[in-house]
>>> print(open('my_file-v8.cif').read())   # mmCIF, C-alpha atoms
data_work
loop_
_atom_site.group_PDB
_atom_site.id
_atom_site.type_symbol
_atom_site.label_atom_id
_atom_site.label_comp_id
_atom_site.auth_asym_id
_atom_site.auth_seq_id
_atom_site.Cartn_x
_atom_site.Cartn_y
_atom_site.Cartn_z
ATOM 1 C CA MET A 1 95.929 98.310 95.170
ATOM 2 C CA VAL A 2 99.366 96.730 95.599
ATOM 3 C CA PRO A 3 101.609 99.061 97.629
ATOM 4 C CA ALA A 4 105.012 99.849 96.131
ATOM 5 C CA VAL A 5 107.947 99.612 98.527
ATOM 6 C CA TRP A 6 111.226 101.379 97.793
ATOM 7 C CA ILE A 7 114.312 99.237 98.478
ATOM 8 C CA ILE A 8 117.755 100.766 98.016
ATOM 9 C CA GLY A 9 119.030 97.961 95.769
ATOM 10 C CA ASP A 10 117.724 95.691 93.039
ATOM 11 C CA ARG A 11 116.582 92.062 93.336
ATOM 12 C CA ALA A 12 120.055 90.715 92.563
ATOM 13 C CA ARG A 13 121.518 92.659 95.507
ATOM 14 C CA PHE A 14 118.723 92.046 98.036
ATOM 15 C CA PRO A 15 116.787 88.976 96.834
ATOM 16 C CA ASN A 16 115.449 87.933 100.255
ATOM 17 C CA TYR A 17 113.927 91.363 100.905
ATOM 18 C CA TRP A 18 112.309 91.518 97.473
ATOM 19 C CA ARG A 19 110.791 88.055 97.896
ATOM 20 C CA ALA A 20 109.523 88.845 101.395
ATOM 21 C CA VAL A 21 107.790 92.033 100.246
ATOM 22 C CA GLU A 22 106.209 90.200 97.310
ATOM 23 C CA ARG A 23 105.017 87.311 99.498
ATOM 24 C CA ALA A 24 103.383 89.812 101.844
ATOM 25 C CA GLY A 25 101.524 91.438 98.942
ATOM 26 C CA GLY A 26 103.766 94.378 98.081
ATOM 27 C CA ARG A 27 105.655 95.459 94.973
ATOM 28 C CA PRO A 28 109.379 96.210 95.489
ATOM 29 C CA ARG A 29 110.926 99.047 93.483
ATOM 30 C CA CYS A 30 114.382 100.559 93.178
ATOM 31 C CA GLU A 31 114.007 102.800 90.124
ATOM 32 C CA GLY A 32 112.207 106.077 89.564
ATOM 33 C CA VAL A 33 111.245 108.556 92.283
ATOM 34 C CA PRO A 34 111.422 107.007 95.777
ATOM 35 C CA GLU A 35 108.668 109.192 97.200
ATOM 36 C CA ASP A 36 106.237 107.839 94.600
ATOM 37 C CA CYS A 37 106.322 104.595 96.597
ATOM 38 C CA ALA A 38 103.972 103.963 99.491
ATOM 39 C CA ALA A 39 106.752 102.881 101.864
ATOM 40 C CA LEU A 40 110.505 102.573 102.381
ATOM 41 C CA LEU A 41 112.436 99.448 103.420
ATOM 42 C CA LEU A 42 116.037 99.784 104.615
ATOM 43 C CA PRO A 43 117.809 96.385 104.465
ATOM 44 C CA GLY A 44 120.675 94.948 106.470
ATOM 45 C CA GLY A 45 124.314 95.525 105.625
ATOM 46 C CA GLY A 46 127.602 96.818 107.021
ATOM 47 C CA ASP A 47 128.130 99.386 109.755
ATOM 48 C CA MET A 48 127.408 103.106 109.689
ATOM 49 C CA GLU A 49 130.235 105.606 110.027
ATOM 50 C CA PRO A 50 130.507 106.271 113.784
ATOM 51 C CA TRP A 51 131.015 110.023 113.349
ATOM 52 C CA ARG A 52 127.390 110.204 112.288
ATOM 53 C CA TYR A 53 126.393 109.459 115.876
ATOM 54 C CA GLY A 54 129.228 111.369 117.548
ATOM 55 C CA GLN A 55 131.795 108.620 118.107
ATOM 56 C CA GLU A 56 135.275 107.678 116.969
ATOM 57 C CA ASN A 57 135.616 104.377 115.147
ATOM 58 C CA ALA A 58 136.286 101.763 117.827
ATOM 59 C CA ALA A 59 135.025 98.588 116.142
ATOM 60 C CA SER A 60 132.933 99.504 113.097
ATOM 61 C CA ARG A 61 133.670 97.751 109.818
ATOM 62 C CA ASN A 62 132.474 97.382 106.226
ATOM 63 C CA LEU A 63 131.729 101.100 106.131
ATOM 64 C CA ASP A 64 129.826 102.547 103.177
ATOM 65 C CA PRO A 65 129.647 106.355 103.420
ATOM 66 C CA ALA A 66 127.593 106.666 100.224
ATOM 67 C CA ARG A 67 124.978 104.263 101.558
ATOM 68 C CA ASP A 68 124.873 106.112 104.885
ATOM 69 C CA ALA A 69 124.172 109.378 103.094
ATOM 70 C CA LEU A 70 121.550 107.781 100.837
ATOM 71 C CA GLU A 71 119.654 106.122 103.677
ATOM 72 C CA LEU A 72 119.621 109.241 105.848
ATOM 73 C CA ASP A 73 118.382 111.287 102.882
ATOM 74 C CA LEU A 74 115.617 108.763 102.175
ATOM 75 C CA LEU A 75 114.610 108.756 105.828
ATOM 76 C CA GLU A 76 114.331 112.524 105.781
ATOM 77 C CA ARG A 77 112.144 112.449 102.680
ATOM 78 C CA PHE A 78 109.822 109.641 103.830
ATOM 79 C CA ALA A 79 109.531 111.013 107.374
ATOM 80 C CA ALA A 80 108.558 114.427 105.998
ATOM 81 C CA LEU A 81 105.762 112.741 104.047
ATOM 82 C CA LYS A 82 104.798 110.583 107.063
ATOM 83 C CA LYS A 83 105.097 107.460 104.908
ATOM 84 C CA PRO A 84 105.838 104.045 106.458
ATOM 85 C CA VAL A 85 109.447 102.995 106.965
ATOM 86 C CA LEU A 86 110.802 99.598 108.025
ATOM 87 C CA GLY A 87 114.466 99.305 108.985
ATOM 88 C CA ILE A 88 115.946 95.807 109.244
ATOM 89 C CA CYS A 89 119.210 95.136 111.126
ATOM 90 C CA ARG A 90 121.507 97.896 109.796
ATOM 91 C CA GLY A 91 118.309 99.619 108.640
ATOM 92 C CA MET A 92 117.054 99.825 112.226
ATOM 93 C CA GLN A 93 120.381 101.288 113.270
ATOM 94 C CA SER A 94 120.074 103.891 110.481
ATOM 95 C CA VAL A 95 116.620 104.815 111.773
ATOM 96 C CA ASN A 96 117.975 105.284 115.286
ATOM 97 C CA VAL A 97 120.889 107.430 114.108
ATOM 98 C CA PHE A 98 118.591 109.515 111.893
ATOM 99 C CA PHE A 99 116.522 110.461 114.944
ATOM 100 C CA GLY A 100 119.643 111.355 116.962
ATOM 101 C CA GLY A 101 120.369 108.058 118.702
ATOM 102 C CA THR A 102 123.653 106.230 119.152
ATOM 103 C CA LEU A 103 124.949 102.696 118.568
ATOM 104 C CA LEU A 104 127.017 100.163 120.468
ATOM 105 C CA GLN A 105 129.872 99.470 118.074
ATOM 106 C CA ASP A 106 130.590 95.884 119.117
ATOM 107 C CA ILE A 107 128.632 93.435 121.252
ATOM 108 C CA PRO A 108 129.289 89.735 121.925
ATOM 109 C CA GLY A 109 126.981 86.839 121.230
ATOM 110 C CA HIS A 110 124.909 88.156 118.321
ATOM 111 C CA GLU A 111 126.928 87.475 115.155
ATOM 112 C CA GLN A 112 126.370 84.473 112.902
ATOM 113 C CA ILE A 113 128.196 81.245 113.698
ATOM 114 C CA ASN A 114 129.850 79.760 110.600
ATOM 115 C CA GLY A 115 127.447 81.677 108.388
ATOM 116 C CA VAL A 116 124.335 80.601 110.300
ATOM 117 C CA ASP A 117 122.085 83.017 112.206
ATOM 118 C CA ARG A 118 121.904 82.648 115.961
ATOM 119 C CA MET A 119 118.487 82.377 117.596
ATOM 120 C CA HIS A 120 117.475 84.292 120.727
ATOM 121 C CA PRO A 121 114.302 84.246 122.818
ATOM 122 C CA VAL A 122 112.710 87.694 123.033
ATOM 123 C CA ARG A 123 110.538 89.691 125.388
ATOM 124 C CA THR A 124 107.988 91.893 123.633
ATOM 125 C CA ALA A 125 106.190 94.911 125.080
ATOM 126 C CA PRO A 126 102.372 94.794 125.258
ATOM 127 C CA GLY A 127 100.819 96.253 122.120
ATOM 128 C CA ALA A 128 104.038 96.030 120.102
ATOM 129 C CA PHE A 129 103.824 96.050 116.308
ATOM 130 C CA VAL A 130 105.265 92.533 116.075
ATOM 131 C CA ALA A 131 105.133 89.473 118.296
ATOM 132 C CA ALA A 132 107.677 86.661 118.318
ATOM 133 C CA ASP A 133 108.925 84.088 120.792
ATOM 134 C CA ALA A 134 112.389 83.946 119.248
ATOM 135 C CA VAL A 135 114.278 85.880 116.575
ATOM 136 C CA ASN A 136 117.355 85.334 114.439
ATOM 137 C CA SER A 137 120.535 87.303 114.941
ATOM 138 C CA ALA A 138 123.399 88.215 112.611
ATOM 139 C CA HIS A 139 124.884 91.491 113.848
ATOM 140 C CA HIS A 140 127.683 92.844 116.015
ATOM 141 C CA GLN A 141 126.269 96.326 116.616
ATOM 142 C CA ALA A 142 123.074 97.437 118.320
ATOM 143 C CA VAL A 143 121.009 100.433 119.340
ATOM 144 C CA ASP A 144 122.357 102.173 122.439
ATOM 145 C CA ARG A 145 120.688 105.513 123.267
ATOM 146 C CA LEU A 146 117.334 105.751 121.519
ATOM 147 C CA GLY A 147 116.729 108.613 119.112
ATOM 148 C CA ALA A 148 114.078 111.272 119.683
ATOM 149 C CA GLY A 149 110.545 109.911 119.449
ATOM 150 C CA LEU A 150 111.638 106.265 119.392
ATOM 151 C CA ARG A 151 110.717 103.598 121.921
ATOM 152 C CA ALA A 152 111.951 100.046 122.344
ATOM 153 C CA GLU A 153 109.386 97.254 121.961
ATOM 154 C CA GLN A 154 111.403 94.039 122.012
ATOM 155 C CA TRP A 155 114.524 92.796 123.828
ATOM 156 C CA VAL A 156 116.644 89.662 124.106
ATOM 157 C CA PRO A 157 117.735 88.416 127.571
ATOM 158 C CA ASP A 158 121.040 90.328 127.546
ATOM 159 C CA GLY A 159 119.126 93.592 127.088
ATOM 160 C CA VAL A 160 119.898 94.229 123.414
ATOM 161 C CA ILE A 161 116.988 96.030 121.759
ATOM 162 C CA GLU A 162 115.431 93.964 118.969
ATOM 163 C CA ALA A 163 112.567 96.243 117.851
ATOM 164 C CA ILE A 164 111.845 99.970 117.934
ATOM 165 C CA ARG A 165 109.023 102.189 116.723
ATOM 166 C CA HIS A 166 108.454 105.907 116.426
ATOM 167 C CA THR A 167 105.734 107.255 118.678
ATOM 168 C CA ARG A 168 104.301 109.699 116.112
ATOM 169 C CA LEU A 169 105.420 108.428 112.686
ATOM 170 C CA PRO A 170 104.829 105.054 110.950
ATOM 171 C CA VAL A 171 108.499 104.138 111.371
ATOM 172 C CA TRP A 172 109.468 100.672 112.619
ATOM 173 C CA GLY A 173 112.762 98.876 113.066
ATOM 174 C CA VAL A 174 113.827 95.328 113.895
ATOM 175 C CA GLN A 175 117.362 94.188 114.627
ATOM 176 C CA TRP A 176 116.556 90.643 113.459
ATOM 177 C CA HIS A 177 116.001 89.384 109.912
ATOM 178 C CA PRO A 178 112.319 88.676 109.171
ATOM 179 C CA GLU A 179 113.131 88.155 105.492
ATOM 180 C CA ARG A 180 114.872 84.879 106.358
ATOM 181 C CA LEU A 181 113.288 83.882 109.668
ATOM 182 C CA ASP A 182 111.914 80.359 109.402
ATOM 183 C CA ASN A 183 108.698 80.939 111.355
ATOM 184 C CA PRO A 184 105.467 82.923 110.801
ATOM 185 C CA ALA A 185 106.649 86.014 112.716
ATOM 186 C CA GLY A 186 108.642 87.239 109.723
ATOM 187 C CA GLU A 187 105.735 87.180 107.288
ATOM 188 C CA ARG A 188 103.406 88.682 109.909
ATOM 189 C CA LEU A 189 105.793 91.596 110.270
ATOM 190 C CA PHE A 190 105.900 92.309 106.531
ATOM 191 C CA ARG A 191 102.113 92.061 106.231
ATOM 192 C CA ALA A 192 101.630 94.416 109.180
ATOM 193 C CA PHE A 193 104.107 96.858 107.645
ATOM 194 C CA LEU A 194 102.301 96.829 104.302
ATOM 195 C CA GLY A 195 99.087 97.361 106.227
ATOM 196 C CA LEU A 196 100.427 100.763 107.274
ATOM 197 C CA CYS A 197 100.339 101.828 103.630
ATOM 198 C CA GLY A 198 96.548 101.936 103.718
ATOM 199 C CA ALA A 199 96.319 103.645 107.089
#
>>> encode(input="my_file-v8.cif", output="structure tokens")
Amino acid sequence: MVPAVWIIGDRARFPNYWRAVERAGGRPRCEGVPEDCAALLLPGGGDMEPWRYGQENAASRNLDPARDALELDLLERFAALKKPVLGICRGMQSVNVFFGGTLLQDIPGHEQINGVDRMHPVRTAPGAFVAADAVNSAHHQAVDRLGAGLRAEQWVPDGVIEAIRHTRLPVWGVQWHPERLDNPAGERLFRAFLGLCGA
């Protein structure tokens, strides 16, 4: 059975994510009842409203309050059903905020350069859900205090957290972009995530 994965936007809005899910053996969806899907994928995007994690706006930009509300609602629904969730870049930050964590609103050295992702070597914890020697980077915010039940599993040399997972729920997050990473780690991540749907 091909697992259906709910993505918050259609193929025209998030083509890389749709293609990555399909290549890994899943079926992306954005219409109907979200909870009918086997899993939820939260893509990258702009910043969350800082008040949602108890801060004033110091450096957040490209805010989308409607998307914040939608993602947090979807997280509540999928977490209640204990269905798999994968947050990518902004999506990982949404996961952290949902579980009560906070974000660093602006960090140096992680944004794209002239529209091209940076690459960083990473350190991965033993037994982590994904292994990679290096990951791509296109963000200016990052996880700060981890939310309840979350643990960090991957870091770059400056200490920025690149992967998190929930200790009791099938909820994963990566700060990097596996949907456009030009090495096998990206596809391995999507296949492992879809593998949770049959667990």
>>> closest_residue(input="my_file-v8.cif", among="A:Pro15, A:Pro108, A:Gly9, A:Pro121", to="Leu70 of chain A", atoms="all atoms listed in the file")
A:Gly9
>>> closest_residue(input="my_file-v8.cif", among="A:Arg11, A:His110, A:Arg77, A:Pro65", to="Asp36 of chain A", atoms="all atoms listed in the file")
A:Arg77
>>> closest_residue(input="my_file-v8.cif", among="A:Gly198, A:Gly101, A:Gly186, A:Pro178", to="Leu150 of chain A", atoms="only C-alpha atoms")
A:Gly101
>>> resolve_selection(input="my_file-v8.cif", expression="the PyMOL selection byres ((chain A and resi 194) around 8)", output="PyMOL selection string")
chain A and resi 3+24-26+39+190-193+195-198
>>> write_last_selection(input="my_file-v8.cif", atoms="C-alpha atoms", output="short mmCIF file (atom, residue, chain, number, x, y, z; two decimals), in the coordinates of the input")
data_model
loop_
_atom_site.label_atom_id
_atom_site.label_comp_id
_atom_site.auth_asym_id
_atom_site.auth_seq_id
_atom_site.Cartn_x
_atom_site.Cartn_y
_atom_site.Cartn_z
CA PRO A 3 101.61 99.06 97.63
CA ALA A 24 103.38 89.81 101.84
CA GLY A 25 101.52 91.44 98.94
CA GLY A 26 103.77 94.38 98.08
CA ALA A 39 106.75 102.88 101.86
CA PHE A 190 105.90 92.31 106.53
CA ARG A 191 102.11 92.06 106.23
CA ALA A 192 101.63 94.42 109.18
CA PHE A 193 104.11 96.86 107.64
CA GLY A 195 99.09 97.36 106.23
CA LEU A 196 100.43 100.76 107.27
CA CYS A 197 100.34 101.83 103.63
CA GLY A 198 96.55 101.94 103.72
#
>>> residues_around(input="my_file-v8.cif", residues="Gly46 of chain A", least_positions_apart="4", cutoff="9 Å", atoms="all atoms listed in the file", output="MDAnalysis selection string")
chainID A and resid 60:64 90
>>> atom_distance(input="my_file-v8.cif", atom1="atom CA of Gly115 of chain A", atom2="atom CA of Gln93 of chain A")
21.4 Å
>>> residues_around(input="my_file-v8.cif", residues="Ala59 of chain A", least_positions_apart="3", cutoff="10 Å", atoms="only C-alpha atoms", output="JSON, numbers by chain")
{"A": [47, 50, 56, 104, 105, 106, 107, 140, 141]}
>>> closest_atom_pairs(input="my_file-v8.cif", of="segment 10-110 of chain A", to="segment 158-174 of chain A", cutoff="6 Å", atoms="only C-alpha atoms", output="JSON lines")
{"residue": "A:Pro84", "atom": "CA", "partner": "A:Pro170", "partner_atom": "CA", "distance": 4.7}
{"residue": "A:Val85", "atom": "CA", "partner": "A:Val171", "partner_atom": "CA", "distance": 4.6}
{"residue": "A:Leu86", "atom": "CA", "partner": "A:Trp172", "partner_atom": "CA", "distance": 4.9}
{"residue": "A:Gly87", "atom": "CA", "partner": "A:Gly173", "partner_atom": "CA", "distance": 4.4}
{"residue": "A:Ile88", "atom": "CA", "partner": "A:Val174", "partner_atom": "CA", "distance": 5.1}
{"residue": "A:Met92", "atom": "CA", "partner": "A:Gly173", "partner_atom": "CA", "distance": 4.5}
>>> atom_distance(input="my_file-v8.cif", atom1="atom CA of Val156 of chain A", atom2="atom CA of Ala128 of chain A")
14.7 Å
>>> residues_around(input="my_file-v8.cif", residues="Glu31 of chain A", least_positions_apart="4", cutoff="10 Å", atoms="only C-alpha atoms", output="list in words")
Trp6, Ile7, Ile8, Gly9 and Asp10 of chain A
>>> closest_residue(input="my_file-v8.cif", among="A:Glu111, A:Asp68, A:Ala12, A:Tyr53", to="Gly147 of chain A", atoms="all atoms listed in the file")
A:Tyr53
>>> resolve_selection(input="my_file-v8.cif", expression="the PyMOL selection byres ((chain A and resi 119) around 6)", output="PyMOL selection string")
chain A and resi 118+120+135-137
>>> atom_distance(input="my_file-v8.cif", atom1="atom CA of Gln154 of chain A", atom2="atom CA of Phe129 of chain A")
9.7 Å
>>> residues_around(input="my_file-v8.cif", residues="Phe14 of chain A", least_positions_apart="4", cutoff="12 Å", atoms="all atoms listed in the file", output="PyMOL selection string")
chain A and resi 6-10+18-21+28-30+41-45+179-180
>>> write_last_selection(input="my_file-v8.cif", atoms="C-alpha atoms", output="PDB file, in the frame of the given file")
ATOM      1  CA  TRP A   6     111.226 101.379  97.793  1.00  0.00           C
ATOM      2  CA  ILE A   7     114.312  99.237  98.478  1.00  0.00           C
ATOM      3  CA  ILE A   8     117.755 100.766  98.016  1.00  0.00           C
ATOM      4  CA  GLY A   9     119.030  97.961  95.769  1.00  0.00           C
ATOM      5  CA  ASP A  10     117.724  95.691  93.039  1.00  0.00           C
ATOM      6  CA  TRP A  18     112.309  91.518  97.473  1.00  0.00           C
ATOM      7  CA  ARG A  19     110.791  88.055  97.896  1.00  0.00           C
ATOM      8  CA  ALA A  20     109.523  88.845 101.395  1.00  0.00           C
ATOM      9  CA  VAL A  21     107.790  92.033 100.246  1.00  0.00           C
ATOM     10  CA  PRO A  28     109.379  96.210  95.489  1.00  0.00           C
ATOM     11  CA  ARG A  29     110.926  99.047  93.483  1.00  0.00           C
ATOM     12  CA  CYS A  30     114.382 100.559  93.178  1.00  0.00           C
ATOM     13  CA  LEU A  41     112.436  99.448 103.420  1.00  0.00           C
ATOM     14  CA  LEU A  42     116.037  99.784 104.615  1.00  0.00           C
ATOM     15  CA  PRO A  43     117.809  96.385 104.465  1.00  0.00           C
ATOM     16  CA  GLY A  44     120.675  94.948 106.470  1.00  0.00           C
ATOM     17  CA  GLY A  45     124.314  95.525 105.625  1.00  0.00           C
ATOM     18  CA  GLU A 179     113.131  88.155 105.492  1.00  0.00           C
ATOM     19  CA  ARG A 180     114.872  84.879 106.358  1.00  0.00           C
TER      20      ARG A 180
END
>>> closest_residue(input="my_file-v8.cif", among="A:Ala69, A:Leu74, A:Val2, A:Val116", to="Val33 of chain A", atoms="all atoms listed in the file")
A:Leu74
>>> closest_residue(input="my_file-v8.cif", among="A:Asn96, A:Asp133, A:His139, A:Arg23", to="His177 of chain A", atoms="only C-alpha atoms")
A:His139
>>> residues_around(input="my_file-v8.cif", residues="Gly100 of chain A", least_positions_apart="5", cutoff="10 Å", atoms="only C-alpha atoms", output="list in words")
Arg52, Tyr53, Gly54, Ser94, Val95, Arg145, Leu146, Gly147, Ala148, Gly149 and Leu150 of chain A
>>> build_atoms(input="my_file-v8.cif", residues="segment 91-120 of chain A", atoms="N, CA and C atoms", output="PDB file, in the coordinates of the input")
ATOM      1  N   GLY A  91     119.361  98.636 108.883  1.00  0.00           N
ATOM      2  CA  GLY A  91     118.309  99.619 108.640  1.00  0.00           C
ATOM      3  C   GLY A  91     117.714 100.169 109.916  1.00  0.00           C
ATOM      4  N   MET A  92     117.538  99.334 110.946  1.00  0.00           N
ATOM      5  CA  MET A  92     117.054  99.825 112.226  1.00  0.00           C
ATOM      6  C   MET A  92     118.073 100.764 112.862  1.00  0.00           C
ATOM      7  N   GLN A  93     119.337 100.423 112.731  1.00  0.00           N
ATOM      8  CA  GLN A  93     120.381 101.288 113.270  1.00  0.00           C
ATOM      9  C   GLN A  93     120.389 102.638 112.555  1.00  0.00           C
ATOM     10  N   SER A  94     120.160 102.632 111.237  1.00  0.00           N
ATOM     11  CA  SER A  94     120.074 103.891 110.481  1.00  0.00           C
ATOM     12  C   SER A  94     118.914 104.741 110.981  1.00  0.00           C
ATOM     13  N   VAL A  95     117.781 104.095 111.237  1.00  0.00           N
ATOM     14  CA  VAL A  95     116.620 104.815 111.773  1.00  0.00           C
ATOM     15  C   VAL A  95     116.982 105.474 113.096  1.00  0.00           C
ATOM     16  N   ASN A  96     117.626 104.731 113.988  1.00  0.00           N
ATOM     17  CA  ASN A  96     117.975 105.284 115.286  1.00  0.00           C
ATOM     18  C   ASN A  96     118.923 106.470 115.159  1.00  0.00           C
ATOM     19  N   VAL A  97     119.933 106.343 114.309  1.00  0.00           N
ATOM     20  CA  VAL A  97     120.889 107.430 114.108  1.00  0.00           C
ATOM     21  C   VAL A  97     120.201 108.640 113.483  1.00  0.00           C
ATOM     22  N   PHE A  98     119.308 108.411 112.532  1.00  0.00           N
ATOM     23  CA  PHE A  98     118.591 109.515 111.893  1.00  0.00           C
ATOM     24  C   PHE A  98     117.856 110.368 112.928  1.00  0.00           C
ATOM     25  N   PHE A  99     117.266 109.723 113.928  1.00  0.00           N
ATOM     26  CA  PHE A  99     116.522 110.461 114.944  1.00  0.00           C
ATOM     27  C   PHE A  99     117.398 110.911 116.121  1.00  0.00           C
ATOM     28  N   GLY A 100     118.726 110.811 115.959  1.00  0.00           N
ATOM     29  CA  GLY A 100     119.643 111.355 116.962  1.00  0.00           C
ATOM     30  C   GLY A 100     120.142 110.362 117.984  1.00  0.00           C
ATOM     31  N   GLY A 101     119.905 109.067 117.765  1.00  0.00           N
ATOM     32  CA  GLY A 101     120.369 108.058 118.702  1.00  0.00           C
ATOM     33  C   GLY A 101     121.796 107.624 118.433  1.00  0.00           C
ATOM     34  N   THR A 102     122.288 106.731 119.279  1.00  0.00           N
ATOM     35  CA  THR A 102     123.653 106.230 119.152  1.00  0.00           C
ATOM     36  C   THR A 102     123.640 104.700 119.058  1.00  0.00           C
ATOM     37  N   LEU A 103     124.802 104.140 118.716  1.00  0.00           N
ATOM     38  CA  LEU A 103     124.949 102.696 118.568  1.00  0.00           C
ATOM     39  C   LEU A 103     126.064 102.170 119.452  1.00  0.00           C
ATOM     40  N   LEU A 104     125.921 100.920 119.873  1.00  0.00           N
ATOM     41  CA  LEU A 104     127.017 100.163 120.468  1.00  0.00           C
ATOM     42  C   LEU A 104     127.813  99.571 119.315  1.00  0.00           C
ATOM     43  N   GLN A 105     129.101  99.852 119.250  1.00  0.00           N
ATOM     44  CA  GLN A 105     129.872  99.470 118.074  1.00  0.00           C
ATOM     45  C   GLN A 105     130.265  97.987 118.024  1.00  0.00           C
ATOM     46  N   ASP A 106     130.248  97.298 119.155  1.00  0.00           N
ATOM     47  CA  ASP A 106     130.590  95.884 119.117  1.00  0.00           C
ATOM     48  C   ASP A 106     130.034  95.209 120.356  1.00  0.00           C
ATOM     49  N   ILE A 107     129.222  94.178 120.142  1.00  0.00           N
ATOM     50  CA  ILE A 107     128.632  93.435 121.252  1.00  0.00           C
ATOM     51  C   ILE A 107     128.875  91.946 121.028  1.00  0.00           C
ATOM     52  N   PRO A 108     129.055  91.178 122.084  1.00  0.00           N
ATOM     53  CA  PRO A 108     129.289  89.735 121.925  1.00  0.00           C
ATOM     54  C   PRO A 108     127.980  88.966 121.809  1.00  0.00           C
ATOM     55  N   GLY A 109     128.075  87.793 121.178  1.00  0.00           N
ATOM     56  CA  GLY A 109     126.981  86.839 121.230  1.00  0.00           C
ATOM     57  C   GLY A 109     125.840  87.043 120.268  1.00  0.00           C
ATOM     58  N   HIS A 110     126.020  87.897 119.236  1.00  0.00           N
ATOM     59  CA  HIS A 110     124.909  88.156 118.321  1.00  0.00           C
ATOM     60  C   HIS A 110     125.266  87.921 116.854  1.00  0.00           C
ATOM     61  N   GLU A 111     126.540  87.713 116.545  1.00  0.00           N
ATOM     62  CA  GLU A 111     126.928  87.475 115.155  1.00  0.00           C
ATOM     63  C   GLU A 111     126.587  86.043 114.731  1.00  0.00           C
ATOM     64  N   GLN A 112     126.568  85.822 113.418  1.00  0.00           N
ATOM     65  CA  GLN A 112     126.370  84.473 112.902  1.00  0.00           C
ATOM     66  C   GLN A 112     127.495  83.546 113.367  1.00  0.00           C
ATOM     67  N   ILE A 113     127.189  82.263 113.401  1.00  0.00           N
ATOM     68  CA  ILE A 113     128.196  81.245 113.698  1.00  0.00           C
ATOM     69  C   ILE A 113     128.379  80.402 112.439  1.00  0.00           C
ATOM     70  N   ASN A 114     129.565  80.491 111.839  1.00  0.00           N
ATOM     71  CA  ASN A 114     129.850  79.760 110.600  1.00  0.00           C
ATOM     72  C   ASN A 114     128.791  80.023 109.532  1.00  0.00           C
ATOM     73  N   GLY A 115     128.398  81.287 109.415  1.00  0.00           N
ATOM     74  CA  GLY A 115     127.447  81.677 108.388  1.00  0.00           C
ATOM     75  C   GLY A 115     125.998  81.385 108.696  1.00  0.00           C
ATOM     76  N   VAL A 116     125.705  80.939 109.910  1.00  0.00           N
ATOM     77  CA  VAL A 116     124.335  80.601 110.300  1.00  0.00           C
ATOM     78  C   VAL A 116     123.863  81.571 111.381  1.00  0.00           C
ATOM     79  N   ASP A 117     122.638  82.105 111.213  1.00  0.00           N
ATOM     80  CA  ASP A 117     122.085  83.017 112.206  1.00  0.00           C
ATOM     81  C   ASP A 117     121.970  82.343 113.566  1.00  0.00           C
ATOM     82  N   ARG A 118     122.233  83.100 114.612  1.00  0.00           N
ATOM     83  CA  ARG A 118     121.904  82.648 115.961  1.00  0.00           C
ATOM     84  C   ARG A 118     120.405  82.834 116.178  1.00  0.00           C
ATOM     85  N   MET A 119     119.875  82.169 117.195  1.00  0.00           N
ATOM     86  CA  MET A 119     118.487  82.377 117.596  1.00  0.00           C
ATOM     87  C   MET A 119     118.460  82.804 119.064  1.00  0.00           C
ATOM     88  N   HIS A 120     117.607  83.790 119.361  1.00  0.00           N
ATOM     89  CA  HIS A 120     117.475  84.292 120.727  1.00  0.00           C
ATOM     90  C   HIS A 120     116.000  84.345 121.103  1.00  0.00           C
TER      91      HIS A 120
END
